[in-house]
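**Q** Take a look at the following structure, please.
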Amino acid sequence: MVTVGTRKVIIFDTTLRDGEQSPGASMTLDEKVAVARQLCRLGVDVIEAGFPVASQDDFAAVRTIAGEARGPIIAALCRADRNDITCAWEAVRGAQRPRIHTFIATSDVHLEHKLRMTRPEVLGRITDSVSFARSLCQDVEFSAEDASRSDESFLKAAIRAAVAAGATTINIPDTVGYSQPQEFGELVSEIVSMPEITAGGVTVSVHCHDDLGLAVANSLEAIRRGAGQVECTVNGIGERAGNAALEEVVMNLRTRGESFGVQTGIKANELYQSSRLVSRVTGIAVQRNKAVVGANAFSHEAGIHQHGMLANRATYEIMLPAEVGWIGEGMVIGKHSGRHAIGSCIKEAGITFTDEQLAQVVSKVKSLADRQKSVSAEEVVAIAEGMLHEGVEPALRVVEYAAFTGNGAPATASLAVVVDGRTVKASNHGIGIVDASFSALKAATGIDARLAEYSLKAVAGGSNALAEVTVAVESGGRIARSRGVHEDVAVASLNAFVAAFNRLLALRGIT
Ligand code: KIV
Ligand code: ZN
């Protein structure tokens, strides 16, 4: 049963900023814009679009999203420094509803070892930076980085300084995911009841990391204690172990409404699509048993559970799959299924295709259905996702490929690639054809890269199922994650490598 209260909690999404800081999660400009559009459909209240001073790419992404996104507030992150703030403002000022989000650490360990500043100096910096930000923008958020490990009286002094200088939102980050729900809740209660907060109508926000697996629990406890804004990311991606997962926070608030008495503006049936999109563009897979959006989240395997489900779904299901837009793996497409059924699988996965692209998917699905008895919805989505990467005009393309192994001969791969308009051929040996293909690709492109992670799964069952390969490729200190899908494991692997190399090239990590 869904119960909702009246207090509105602001959902602040930082997938494009803190989420993008996950190792290897970098997104291209087009990918960030696609995620921002989906976040608008999802109904988040604030999109933190990036950290503009970090790079020209970040600046461009924030500026583009600020100019395009309609509905949510668009926030830009900056350190408590006038140059950073000016840069953030230049990036975000075109938004319908811009926000400057400035931060400085308040814990002694950060003051001593990172900032090398005294407490009075930090207070002075807060006053200067927040008032400068307010002179540019009406909506200013101040974050006390590492708040949960800060001396409480100094944290409160920092908050007073920020509010006096004009901050409209005060964010309390558990930056290193150290807090326990009860102590974090008590800290939030203290801050929510500060006279400066209540008198000034200031919103108290929380931002929890998952180092001890408590990001969602801490965020929920903070909401129960009066926090008015929660910062989170789709699939919980973010620095180290990640941030509070948006879909988990939201579905707790919905499913256990009676415990919280709050509501959000989230359209829950967009959660699954948002999850799939973020996973696709970052290359970070969603674990099968992930709450709310994992492939197994609504699957029932044990006979006793299936029996209960057939009698009454309420026996084992506390949320309906449709409530979160979950399509799961159950739907089967046969070779007689029409364009409509295939089109709706793709649409439900958050992919927008032209009629021409859809026709190509239909023909690929039908040829797969000719070889297998049926094709799962997951396979249809995998085919469409593979085509998304084919569709973009990449810097690097493979035009010929052959790989051999067996009979004691070393595995060999030969390929021809077109890179920046030039065709180059190369062959190489390896431990197996995957290794040989990776080495041949490096030789053909001249890119010095290392395969940091490789995983292979059959999209559905059977030895003739589609192979989905997920890789992380490291080059020059950057990691690019990507996926490749094909009936043949070697080709799926090569597709994943090529997509990762293209991602590195697009991020200008190795040119
Ligand atoms: O984790 C953190 O403290 C942050 C702040 C910049 C809000 O991401
Ligand atoms: Zn963070």
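Just remember, in the structure tokens the first chain shown is A, the second B, etc., residues are 1-based per chain, and ligands are 1-based in the order shown.
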Among the residues of range 250-435 of chain A, find those DSSP assigns to strand (DSSP E or B) from the backbone and print them as a ChimeraX atom specification.

**A** /A:262-263,332-333,375-376,396-406,409-419,422-430

**Q** So that I can see what lies close to Ile47 in chain A, please list as an mmCIF file with all heavy atoms, in the first residue's frame the residues with an atom at most 12 Å from it, counting only C-alpha atoms and leaving out residues fewer than 3 positions away in the same chain.

**A**
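Contents of selection_31.cif, as written:
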data_model
loop_
_atom_site.group_PDB
_atom_site.id
_atom_site.type_symbol
_atom_site.label_atom_id
_atom_site.label_comp_id
_atom_site.auth_asym_id
_atom_site.auth_seq_id
_atom_site.Cartn_x
_atom_site.Cartn_y
_atom_site.Cartn_z
ATOM 1 N N ILE A 10 12.612 17.633 -1.043
ATOM 2 C CA ILE A 10 13.236 17.993 -2.322
ATOM 3 C C ILE A 10 14.233 16.901 -2.707
ATOM 4 O O ILE A 10 15.117 16.553 -1.921
ATOM 5 C CB ILE A 10 13.966 19.355 -2.182
ATOM 6 C CG1 ILE A 10 12.946 20.451 -1.844
ATOM 7 C CG2 ILE A 10 14.784 19.690 -3.421
ATOM 8 C CD1 ILE A 10 13.587 21.746 -1.373
ATOM 9 N N ILE A 11 14.067 16.367 -3.912
ATOM 10 C CA ILE A 11 15.004 15.352 -4.401
ATOM 11 C C ILE A 11 16.055 16.050 -5.273
ATOM 12 O O ILE A 11 15.750 16.598 -6.333
ATOM 13 C CB ILE A 11 14.280 14.240 -5.198
ATOM 14 C CG1 ILE A 11 13.207 13.566 -4.337
ATOM 15 C CG2 ILE A 11 15.287 13.216 -5.732
ATOM 16 C CD1 ILE A 11 13.710 12.749 -3.149
ATOM 17 N N PHE A 12 17.274 16.050 -4.747
ATOM 18 C CA PHE A 12 18.413 16.715 -5.396
ATOM 19 C C PHE A 12 19.254 15.592 -6.003
ATOM 20 O O PHE A 12 19.822 14.772 -5.294
ATOM 21 C CB PHE A 12 19.178 17.474 -4.306
ATOM 22 C CG PHE A 12 20.449 18.184 -4.711
ATOM 23 C CD1 PHE A 12 20.552 19.568 -4.605
ATOM 24 C CD2 PHE A 12 21.568 17.474 -5.146
ATOM 25 C CE1 PHE A 12 21.731 20.230 -4.933
ATOM 26 C CE2 PHE A 12 22.740 18.124 -5.482
ATOM 27 C CZ PHE A 12 22.823 19.502 -5.368
ATOM 28 N N ASP A 13 19.290 15.548 -7.329
ATOM 29 C CA ASP A 13 20.027 14.476 -7.990
ATOM 30 C C ASP A 13 21.437 14.944 -8.355
ATOM 31 O O ASP A 13 21.597 15.968 -9.017
ATOM 32 C CB ASP A 13 19.306 14.017 -9.260
ATOM 33 C CG ASP A 13 20.102 12.912 -9.921
ATOM 34 O OD1 ASP A 13 21.025 13.225 -10.701
ATOM 35 O OD2 ASP A 13 19.830 11.740 -9.617
ATOM 36 N N THR A 14 22.423 14.178 -7.922
ATOM 37 C CA THR A 14 23.808 14.553 -8.236
ATOM 38 C C THR A 14 24.516 13.463 -9.065
ATOM 39 O O THR A 14 25.725 13.325 -9.041
ATOM 40 C CB THR A 14 24.593 14.973 -6.965
ATOM 41 O OG1 THR A 14 25.918 15.364 -7.336
ATOM 42 C CG2 THR A 14 24.654 13.874 -5.908
ATOM 43 N N THR A 15 23.711 12.711 -9.848
ATOM 44 C CA THR A 15 24.300 11.680 -10.725
ATOM 45 C C THR A 15 25.335 12.290 -11.676
ATOM 46 O O THR A 15 26.381 11.687 -11.936
ATOM 47 C CB THR A 15 23.184 11.018 -11.564
ATOM 48 O OG1 THR A 15 22.170 10.554 -10.671
ATOM 49 C CG2 THR A 15 23.709 9.872 -12.394
ATOM 50 N N LEU A 16 25.038 13.486 -12.175
ATOM 51 C CA LEU A 16 25.935 14.085 -13.168
ATOM 52 C C LEU A 16 27.146 14.770 -12.534
ATOM 53 O O LEU A 16 28.055 15.192 -13.239
ATOM 54 C CB LEU A 16 25.158 15.103 -14.013
ATOM 55 C CG LEU A 16 24.071 14.490 -14.894
ATOM 56 C CD1 LEU A 16 23.200 15.570 -15.524
ATOM 57 C CD2 LEU A 16 24.703 13.627 -15.986
ATOM 58 N N ARG A 17 27.160 14.902 -11.224
ATOM 59 C CA ARG A 17 28.321 15.505 -10.561
ATOM 60 C C ARG A 17 29.012 14.471 -9.654
ATOM 61 O O ARG A 17 30.020 13.897 -10.011
ATOM 62 C CB ARG A 17 27.872 16.758 -9.779
ATOM 63 C CG ARG A 17 29.002 17.691 -9.436
ATOM 64 C CD ARG A 17 29.799 17.302 -8.209
ATOM 65 N NE ARG A 17 28.997 17.286 -6.990
ATOM 66 C CZ ARG A 17 29.441 16.796 -5.832
ATOM 67 N NH1 ARG A 17 30.646 16.277 -5.725
ATOM 68 N NH2 ARG A 17 28.651 16.781 -4.764
ATOM 69 N N ASP A 18 28.418 14.151 -8.496
ATOM 70 C CA ASP A 18 29.089 13.192 -7.608
ATOM 71 C C ASP A 18 29.098 11.813 -8.261
ATOM 72 O O ASP A 18 30.085 11.074 -8.174
ATOM 73 C CB ASP A 18 28.359 13.134 -6.258
ATOM 74 C CG ASP A 18 29.322 12.981 -5.091
ATOM 75 O OD1 ASP A 18 30.424 12.473 -5.321
ATOM 76 O OD2 ASP A 18 28.969 13.351 -3.966
ATOM 77 N N GLY A 19 28.003 11.470 -8.961
ATOM 78 C CA GLY A 19 27.929 10.169 -9.635
ATOM 79 C C GLY A 19 29.000 10.044 -10.691
ATOM 80 O O GLY A 19 29.641 9.009 -10.837
ATOM 81 N N LYS A 32 25.456 13.168 -21.022
ATOM 82 C CA LYS A 32 24.983 13.951 -19.867
ATOM 83 C C LYS A 32 23.646 14.609 -20.181
ATOM 84 O O LYS A 32 22.754 14.661 -19.328
ATOM 85 C CB LYS A 32 26.010 15.023 -19.492
ATOM 86 C CG LYS A 32 27.229 14.446 -18.814
ATOM 87 C CD LYS A 32 28.156 15.559 -18.377
ATOM 88 C CE LYS A 32 29.415 14.975 -17.780
ATOM 89 N NZ LYS A 32 30.383 15.980 -17.397
ATOM 90 N N VAL A 33 23.520 15.110 -21.398
ATOM 91 C CA VAL A 33 22.259 15.763 -21.764
ATOM 92 C C VAL A 33 21.120 14.735 -21.763
ATOM 93 O O VAL A 33 20.015 15.002 -21.282
ATOM 94 C CB VAL A 33 22.389 16.482 -23.125
ATOM 95 C CG1 VAL A 33 21.049 16.978 -23.619
ATOM 96 C CG2 VAL A 33 23.378 17.636 -23.016
ATOM 97 N N VAL A 35 20.923 12.059 -19.932
ATOM 98 C CA VAL A 35 20.590 11.756 -18.526
ATOM 99 C C VAL A 35 19.780 12.912 -17.933
ATOM 100 O O VAL A 35 18.773 12.688 -17.241
ATOM 101 C CB VAL A 35 21.873 11.480 -17.691
ATOM 102 C CG1 VAL A 35 21.556 11.391 -16.210
ATOM 103 C CG2 VAL A 35 22.537 10.183 -18.160
ATOM 104 N N ALA A 36 20.185 14.141 -18.226
ATOM 105 C CA ALA A 36 19.451 15.299 -17.679
ATOM 106 C C ALA A 36 17.998 15.280 -18.155
ATOM 107 O O ALA A 36 17.069 15.538 -17.378
ATOM 108 C CB ALA A 36 20.129 16.601 -18.097
ATOM 109 N N ARG A 37 17.785 14.924 -19.429
ATOM 110 C CA ARG A 37 16.401 14.862 -19.944
ATOM 111 C C ARG A 37 15.607 13.805 -19.186
ATOM 112 O O ARG A 37 14.446 14.006 -18.835
ATOM 113 C CB ARG A 37 16.393 14.509 -21.427
ATOM 114 C CG ARG A 37 16.838 15.649 -22.270
ATOM 115 C CD ARG A 37 16.403 15.404 -23.744
ATOM 116 N NE ARG A 37 17.080 16.363 -24.568
ATOM 117 C CZ ARG A 37 17.961 16.070 -25.522
ATOM 118 N NH1 ARG A 37 18.226 14.825 -25.801
ATOM 119 N NH2 ARG A 37 18.548 17.014 -26.206
ATOM 120 N N GLN A 38 16.240 12.662 -18.940
ATOM 121 C CA GLN A 38 15.544 11.596 -18.227
ATOM 122 C C GLN A 38 15.256 12.028 -16.780
ATOM 123 O O GLN A 38 14.192 11.721 -16.237
ATOM 124 C CB GLN A 38 16.357 10.297 -18.272
ATOM 125 C CG GLN A 38 15.752 9.136 -17.502
ATOM 126 C CD GLN A 38 14.352 8.738 -18.003
ATOM 127 O OE1 GLN A 38 13.994 8.944 -19.158
ATOM 128 N NE2 GLN A 38 13.538 8.199 -17.080
ATOM 129 N N LEU A 39 16.181 12.772 -16.175
ATOM 130 C CA LEU A 39 15.949 13.235 -14.794
ATOM 131 C C LEU A 39 14.757 14.199 -14.757
ATOM 132 O O LEU A 39 14.001 14.209 -13.784
ATOM 133 C CB LEU A 39 17.203 13.917 -14.233
ATOM 134 C CG LEU A 39 18.401 12.985 -13.981
ATOM 135 C CD1 LEU A 39 19.648 13.794 -13.615
ATOM 136 C CD2 LEU A 39 18.080 11.975 -12.866
ATOM 137 N N CYS A 40 14.589 14.972 -15.820
ATOM 138 C CA CYS A 40 13.409 15.858 -15.895
ATOM 139 C C CYS A 40 12.154 15.005 -15.952
ATOM 140 O O CYS A 40 11.172 15.277 -15.256
ATOM 141 C CB CYS A 40 13.465 16.769 -17.116
ATOM 142 S SG CYS A 40 14.778 17.983 -17.057
ATOM 143 N N ARG A 41 12.180 13.943 -16.789
ATOM 144 C CA ARG A 41 10.995 13.064 -16.874
ATOM 145 C C ARG A 41 10.736 12.387 -15.533
ATOM 146 O O ARG A 41 9.592 12.183 -15.135
ATOM 147 C CB ARG A 41 11.192 11.977 -17.939
ATOM 148 C CG ARG A 41 11.042 12.476 -19.370
ATOM 149 C CD ARG A 41 10.946 11.306 -20.341
ATOM 150 N NE ARG A 41 12.212 10.671 -20.557
ATOM 151 C CZ ARG A 41 13.108 11.051 -21.467
ATOM 152 N NH1 ARG A 41 12.862 12.062 -22.270
ATOM 153 N NH2 ARG A 41 14.254 10.418 -21.594
ATOM 154 N N LEU A 42 11.809 12.061 -14.829
ATOM 155 C CA LEU A 42 11.676 11.388 -13.536
ATOM 156 C C LEU A 42 11.067 12.313 -12.483
ATOM 157 O O LEU A 42 10.467 11.849 -11.512
ATOM 158 C CB LEU A 42 13.075 10.909 -13.094
ATOM 159 C CG LEU A 42 13.244 10.199 -11.777
ATOM 160 C CD1 LEU A 42 12.424 8.903 -11.753
ATOM 161 C CD2 LEU A 42 14.722 9.854 -11.523
ATOM 162 N N GLY A 43 11.229 13.620 -12.691
ATOM 163 C CA GLY A 43 10.597 14.577 -11.773
ATOM 164 C C GLY A 43 11.478 14.985 -10.603
ATOM 165 O O GLY A 43 10.952 15.359 -9.540
ATOM 166 N N VAL A 44 12.821 14.928 -10.758
ATOM 167 C CA VAL A 44 13.664 15.407 -9.658
ATOM 168 C C VAL A 44 13.487 16.921 -9.530
ATOM 169 O O VAL A 44 13.116 17.598 -10.486
ATOM 170 C CB VAL A 44 15.164 15.046 -9.859
ATOM 171 C CG1 VAL A 44 15.337 13.554 -10.078
ATOM 172 C CG2 VAL A 44 15.784 15.836 -10.997
ATOM 173 N N GLY A 50 27.113 19.484 -12.655
ATOM 174 C CA GLY A 50 28.560 19.279 -12.744
ATOM 175 C C GLY A 50 29.328 20.262 -11.876
ATOM 176 O O GLY A 50 28.751 21.005 -11.069
ATOM 177 N N VAL A 62 27.507 21.690 -18.063
ATOM 178 C CA VAL A 62 26.603 22.433 -17.172
ATOM 179 C C VAL A 62 25.893 23.520 -17.977
ATOM 180 O O VAL A 62 24.670 23.702 -17.862
ATOM 181 C CB VAL A 62 27.365 23.040 -15.966
ATOM 182 C CG1 VAL A 62 26.425 23.880 -15.110
ATOM 183 C CG2 VAL A 62 28.008 21.937 -15.127
ATOM 184 N N ILE A 65 23.179 21.915 -20.264
ATOM 185 C CA ILE A 65 22.014 21.423 -19.507
ATOM 186 C C ILE A 65 21.223 22.608 -18.957
ATOM 187 O O ILE A 65 19.985 22.627 -18.999
ATOM 188 C CB ILE A 65 22.476 20.458 -18.384
ATOM 189 C CG1 ILE A 65 23.021 19.180 -19.018
ATOM 190 C CG2 ILE A 65 21.340 20.142 -17.409
ATOM 191 C CD1 ILE A 65 23.788 18.273 -18.086
ATOM 192 N N ALA A 66 21.937 23.640 -18.472
ATOM 193 C CA ALA A 66 21.243 24.827 -17.951
ATOM 194 C C ALA A 66 20.366 25.444 -19.038
ATOM 195 O O ALA A 66 19.240 25.885 -18.772
ATOM 196 C CB ALA A 66 22.258 25.835 -17.439
ATOM 197 N N ALA A 69 17.405 22.168 -19.989
ATOM 198 C CA ALA A 69 16.476 21.502 -19.059
ATOM 199 C C ALA A 69 15.400 22.471 -18.585
ATOM 200 O O ALA A 69 15.699 23.608 -18.228
ATOM 201 C CB ALA A 69 17.243 20.936 -17.882
ATOM 202 N N ARG A 70 14.197 22.022 -18.607
ATOM 203 C CA ARG A 70 13.081 22.841 -18.140
ATOM 204 C C ARG A 70 12.407 22.131 -16.982
ATOM 205 O O ARG A 70 12.133 20.949 -17.051
ATOM 206 C CB ARG A 70 12.057 23.072 -19.264
ATOM 207 C CG ARG A 70 12.594 23.961 -20.377
ATOM 208 C CD ARG A 70 12.711 25.434 -19.885
ATOM 209 N NE ARG A 70 13.515 26.279 -20.741
ATOM 210 C CZ ARG A 70 14.814 26.574 -20.546
ATOM 211 N NH1 ARG A 70 15.469 26.071 -19.539
ATOM 212 N NH2 ARG A 70 15.449 27.382 -21.358
ATOM 213 N N GLY A 71 12.158 22.851 -15.918
ATOM 214 C CA GLY A 71 11.489 22.263 -14.747
ATOM 215 C C GLY A 71 12.385 22.307 -13.528
ATOM 216 O O GLY A 71 12.267 23.209 -12.684
ATOM 217 N N PRO A 72 13.337 21.381 -13.411
ATOM 218 C CA PRO A 72 14.152 21.355 -12.189
ATOM 219 C C PRO A 72 15.083 22.561 -12.055
ATOM 220 O O PRO A 72 15.437 23.191 -13.058
ATOM 221 C CB PRO A 72 14.988 20.082 -12.352
ATOM 222 C CG PRO A 72 14.392 19.320 -13.468
ATOM 223 C CD PRO A 72 13.647 20.280 -14.322
ATOM 224 N N ILE A 73 15.486 22.821 -10.827
ATOM 225 C CA ILE A 73 16.572 23.778 -10.568
ATOM 226 C C ILE A 73 17.854 23.126 -11.096
ATOM 227 O O ILE A 73 18.044 21.922 -10.942
ATOM 228 C CB ILE A 73 16.702 24.003 -9.038
ATOM 229 C CG1 ILE A 73 15.470 24.734 -8.503
ATOM 230 C CG2 ILE A 73 17.987 24.734 -8.683
ATOM 231 C CD1 ILE A 73 15.377 24.773 -6.990
ATOM 232 N N ILE A 74 18.723 23.922 -11.723
ATOM 233 C CA ILE A 74 20.015 23.372 -12.165
ATOM 234 C C ILE A 74 21.105 23.962 -11.266
ATOM 235 O O ILE A 74 21.253 25.186 -11.174
ATOM 236 C CB ILE A 74 20.321 23.723 -13.644
ATOM 237 C CG1 ILE A 74 19.147 23.302 -14.556
ATOM 238 C CG2 ILE A 74 21.626 23.056 -14.094
ATOM 239 C CD1 ILE A 74 18.818 21.822 -14.568
ATOM 240 N N ALA A 75 21.826 23.065 -10.595
ATOM 241 C CA ALA A 75 22.874 23.506 -9.674
ATOM 242 C C ALA A 75 24.250 23.260 -10.267
ATOM 243 O O ALA A 75 24.452 22.292 -11.000
ATOM 244 C CB ALA A 75 22.750 22.752 -8.349
ATOM 245 N N ALA A 76 25.188 24.162 -9.927
ATOM 246 C CA ALA A 76 26.593 23.965 -10.329
ATOM 247 C C ALA A 76 27.427 24.013 -9.059
ATOM 248 O O ALA A 76 27.254 24.904 -8.221
ATOM 249 C CB ALA A 76 27.022 25.069 -11.284
ATOM 250 N N LEU A 77 28.329 23.049 -8.924
ATOM 251 C CA LEU A 77 29.155 22.974 -7.714
ATOM 252 C C LEU A 77 30.407 23.834 -7.870
ATOM 253 O O LEU A 77 30.970 23.943 -8.961
ATOM 254 C CB LEU A 77 29.567 21.515 -7.455
ATOM 255 C CG LEU A 77 30.352 21.291 -6.159
ATOM 256 C CD1 LEU A 77 29.447 21.437 -4.935
ATOM 257 C CD2 LEU A 77 31.020 19.914 -6.129
ATOM 258 N N VAL A 92 25.955 28.252 -15.180
ATOM 259 C CA VAL A 92 24.577 27.904 -14.810
ATOM 260 C C VAL A 92 23.579 29.057 -14.991
ATOM 261 O O VAL A 92 22.371 28.853 -14.920
ATOM 262 C CB VAL A 92 24.587 27.366 -13.344
ATOM 263 C CG1 VAL A 92 24.501 28.485 -12.326
ATOM 264 C CG2 VAL A 92 23.525 26.322 -13.115
ATOM 265 N N ALA A 95 20.147 28.978 -16.826
ATOM 266 C CA ALA A 95 19.052 28.074 -16.430
ATOM 267 C C ALA A 95 17.808 28.872 -16.065
ATOM 268 O O ALA A 95 17.893 30.011 -15.615
ATOM 269 C CB ALA A 95 19.477 27.222 -15.238
ATOM 270 N N ARG A 97 15.998 28.148 -13.578
ATOM 271 C CA ARG A 97 16.115 28.297 -12.123
ATOM 272 C C ARG A 97 17.521 27.850 -11.698
ATOM 273 O O ARG A 97 17.747 26.705 -11.352
ATOM 274 C CB ARG A 97 15.060 27.430 -11.426
ATOM 275 C CG ARG A 97 13.637 27.835 -11.828
ATOM 276 C CD ARG A 97 12.661 26.720 -11.537
ATOM 277 N NE ARG A 97 12.470 26.528 -10.121
ATOM 278 C CZ ARG A 97 12.053 25.395 -9.563
ATOM 279 N NH1 ARG A 97 11.809 24.345 -10.305
ATOM 280 N NH2 ARG A 97 11.881 25.311 -8.270
ATOM 281 N N PRO A 98 18.498 28.786 -11.723
ATOM 282 C CA PRO A 98 19.880 28.408 -11.400
ATOM 283 C C PRO A 98 20.143 28.331 -9.889
ATOM 284 O O PRO A 98 19.478 29.014 -9.107
ATOM 285 C CB PRO A 98 20.702 29.542 -12.010
ATOM 286 C CG PRO A 98 19.785 30.712 -12.058
ATOM 287 C CD PRO A 98 18.372 30.200 -12.132
ATOM 288 N N ARG A 99 21.099 27.500 -9.524
ATOM 289 C CA ARG A 99 21.549 27.445 -8.122
ATOM 290 C C ARG A 99 23.076 27.358 -8.095
ATOM 291 O O ARG A 99 23.673 26.595 -8.857
ATOM 292 C CB ARG A 99 20.969 26.233 -7.396
ATOM 293 C CG ARG A 99 21.556 26.045 -5.991
ATOM 294 C CD ARG A 99 20.966 24.863 -5.240
ATOM 295 N NE ARG A 99 19.575 25.071 -4.895
ATOM 296 C CZ ARG A 99 18.873 24.217 -4.126
ATOM 297 N NH1 ARG A 99 19.459 23.138 -3.628
ATOM 298 N NH2 ARG A 99 17.605 24.445 -3.854
ATOM 299 N N ILE A 100 23.696 28.131 -7.201
ATOM 300 C CA ILE A 100 25.136 27.982 -6.955
ATOM 301 C C ILE A 100 25.275 27.131 -5.696
ATOM 302 O O ILE A 100 24.664 27.429 -4.664
ATOM 303 C CB ILE A 100 25.827 29.351 -6.761
ATOM 304 C CG1 ILE A 100 25.760 30.170 -8.054
ATOM 305 C CG2 ILE A 100 27.278 29.155 -6.328
ATOM 306 C CD1 ILE A 100 26.360 31.582 -7.938
ATOM 307 N N HIS A 101 26.071 26.079 -5.791
ATOM 308 C CA HIS A 101 26.303 25.184 -4.646
ATOM 309 C C HIS A 101 27.777 25.279 -4.282
ATOM 310 O O HIS A 101 28.638 24.793 -5.018
ATOM 311 C CB HIS A 101 25.929 23.749 -5.053
ATOM 312 C CG HIS A 101 26.187 22.734 -3.982
ATOM 313 N ND1 HIS A 101 26.137 21.382 -4.218
ATOM 314 C CD2 HIS A 101 26.505 22.866 -2.657
ATOM 315 C CE1 HIS A 101 26.399 20.728 -3.089
ATOM 316 N NE2 HIS A 101 26.633 21.610 -2.130
ATOM 317 N N VAL A 230 17.134 15.839 0.086
ATOM 318 C CA VAL A 230 18.034 14.698 0.136
ATOM 319 C C VAL A 230 18.804 14.628 -1.176
ATOM 320 O O VAL A 230 18.224 14.759 -2.258
ATOM 321 C CB VAL A 230 17.265 13.389 0.466
ATOM 322 C CG1 VAL A 230 16.205 13.078 -0.565
ATOM 323 C CG2 VAL A 230 18.193 12.205 0.621
ATOM 324 N N GLU A 231 20.136 14.460 -1.060
ATOM 325 C CA GLU A 231 20.971 14.402 -2.261
ATOM 326 C C GLU A 231 21.285 12.932 -2.554
ATOM 327 O O GLU A 231 21.678 12.176 -1.660
ATOM 328 C CB GLU A 231 22.249 15.222 -2.060
ATOM 329 C CG GLU A 231 21.894 16.664 -1.726
ATOM 330 C CD GLU A 231 23.026 17.664 -1.830
ATOM 331 O OE1 GLU A 231 24.193 17.261 -2.058
ATOM 332 O OE2 GLU A 231 22.747 18.865 -1.686
ATOM 333 N N CYS A 232 21.119 12.542 -3.797
ATOM 334 C CA CYS A 232 21.271 11.125 -4.122
ATOM 335 C C CYS A 232 21.611 10.970 -5.605
ATOM 336 O O CYS A 232 21.605 11.947 -6.360
ATOM 337 C CB CYS A 232 19.977 10.380 -3.794
ATOM 338 S SG CYS A 232 18.492 11.270 -4.231
ATOM 339 N N THR A 233 21.918 9.737 -5.993
ATOM 340 C CA THR A 233 22.247 9.469 -7.398
ATOM 341 C C THR A 233 21.491 8.231 -7.878
ATOM 342 O O THR A 233 21.184 7.332 -7.093
ATOM 343 C CB THR A 233 23.760 9.182 -7.591
ATOM 344 O OG1 THR A 233 24.111 8.044 -6.814
ATOM 345 C CG2 THR A 233 24.629 10.346 -7.199
ATOM 346 N N VAL A 234 21.240 8.187 -9.173
ATOM 347 C CA VAL A 234 20.591 7.018 -9.766
ATOM 348 C C VAL A 234 21.547 5.826 -9.642
ATOM 349 O O VAL A 234 22.744 5.940 -9.913
ATOM 350 C CB VAL A 234 20.255 7.292 -11.250
ATOM 351 C CG1 VAL A 234 19.727 6.039 -11.926
ATOM 352 C CG2 VAL A 234 19.256 8.440 -11.345
#

**Q** Counting only C-alpha atoms and all ligand atoms, give me one row per residue of chain A with an atom at most 7 Å from an atom of ligand 1, showing the shortest contact pair and its distance in Å to one decimal, sorted by chain then residue number, as JSON lines.

**A**
{"residue": "A:Asp18", "atom": "CA", "partner": "ligand 1", "partner_atom_place_in_ligand_line": "8 (O)", "distance": 5.9}
{"residue": "A:Phe103", "atom": "CA", "partner": "ligand 1", "partner_atom_place_in_ligand_line": "6 (C)", "distance": 5.8}
{"residue": "A:Ser143", "atom": "CA", "partner": "ligand 1", "partner_atom_place_in_ligand_line": "7 (C)", "distance": 5.5}
{"residue": "A:Glu145", "atom": "CA", "partner": "ligand 1", "partner_atom_place_in_ligand_line": "3 (O)", "distance": 4.2}
{"residue": "A:Asp146", "atom": "CA", "partner": "ligand 1", "partner_atom_place_in_ligand_line": "3 (O)", "distance": 5.6}
{"residue": "A:Pro173", "atom": "CA", "partner": "ligand 1", "partner_atom_place_in_ligand_line": "3 (O)", "distance": 4.8}
{"residue": "A:Asp174", "atom": "CA", "partner": "ligand 1", "partner_atom_place_in_ligand_line": "3 (O)", "distance": 6.4}
{"residue": "A:Thr175", "atom": "CA", "partner": "ligand 1", "partner_atom_place_in_ligand_line": "1 (O)", "distance": 3.8}
{"residue": "A:Val176", "atom": "CA", "partner": "ligand 1", "partner_atom_place_in_ligand_line": "1 (O)", "distance": 6.9}
{"residue": "A:His207", "atom": "CA", "partner": "ligand 1", "partner_atom_place_in_ligand_line": "7 (C)", "distance": 6.5}
{"residue": "A:Cys208", "atom": "CA", "partner": "ligand 1", "partner_atom_place_in_ligand_line": "1 (O)", "distance": 6.9}
{"residue": "A:His209", "atom": "CA", "partner": "ligand 1", "partner_atom_place_in_ligand_line": "1 (O)", "distance": 6.6}

**Q** Can you measure CA of Leu246 in chain A to CA of Gly325 in chain A for me? One decimal in Å is fine.

**A**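 Atom-to-atom, CA of Leu246 in chain A to CA of Gly325 in chain A, that is 14.6 Å.
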
**Q** I'd like the neighbourhood of Gly294 in chain A as a count of residues only, where a residue qualifies if any of its atoms comes within 10 Å (using only C-alpha atoms), though same-chain residues fewer than 3 positions away should be ignored.

**A** 16

**Q** Using DSSP on the backbone coordinates, identify all residues within range 49-160 of chain A classified as alpha helix (DSSP H); present the result as an NGL selection string.

**A** :A and (56-68 or 82-92 or 108-110 or 119-136 or 152-160)

**Q** Skip Glu186 in chain A itself and residues of its chain fewer than 5 positions away, then list as a ChimeraX atom specification all residues within 12 Å of it, counting only C-alpha atoms.

**A** /A:148,152,179-181,191-193,218,221-227

**Q** Find the spatial neighbours of range 409-420 of chain A, counting only C-alpha atoms, within a cut-off of 8 Å - ignore same-chain residues fewer than 6 positions away - and output them as a list in words.

**A**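 Result of the neighbour search: Ala395, Leu396, Arg397, Val398, Val399, Glu400, Tyr401, Ala402, Ala403, Ala426, Ser427, Asn428, His429, Gly430, Ile431, Gly432, Ile433, Ala436, Ser437, Ala440, Leu441, Ala444 and Thr445 of chain A.
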
**Q** Determine the nearest neighbour of ligand 2 from the options A:Ile237, A:Val473, A:Ala467, A:Leu115, counting only C-alpha atoms and all ligand atoms.

**A**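 Among A:Ile237, A:Val473, A:Ala467, A:Leu115, it is A:Ile237 that comes nearest to ligand 2.
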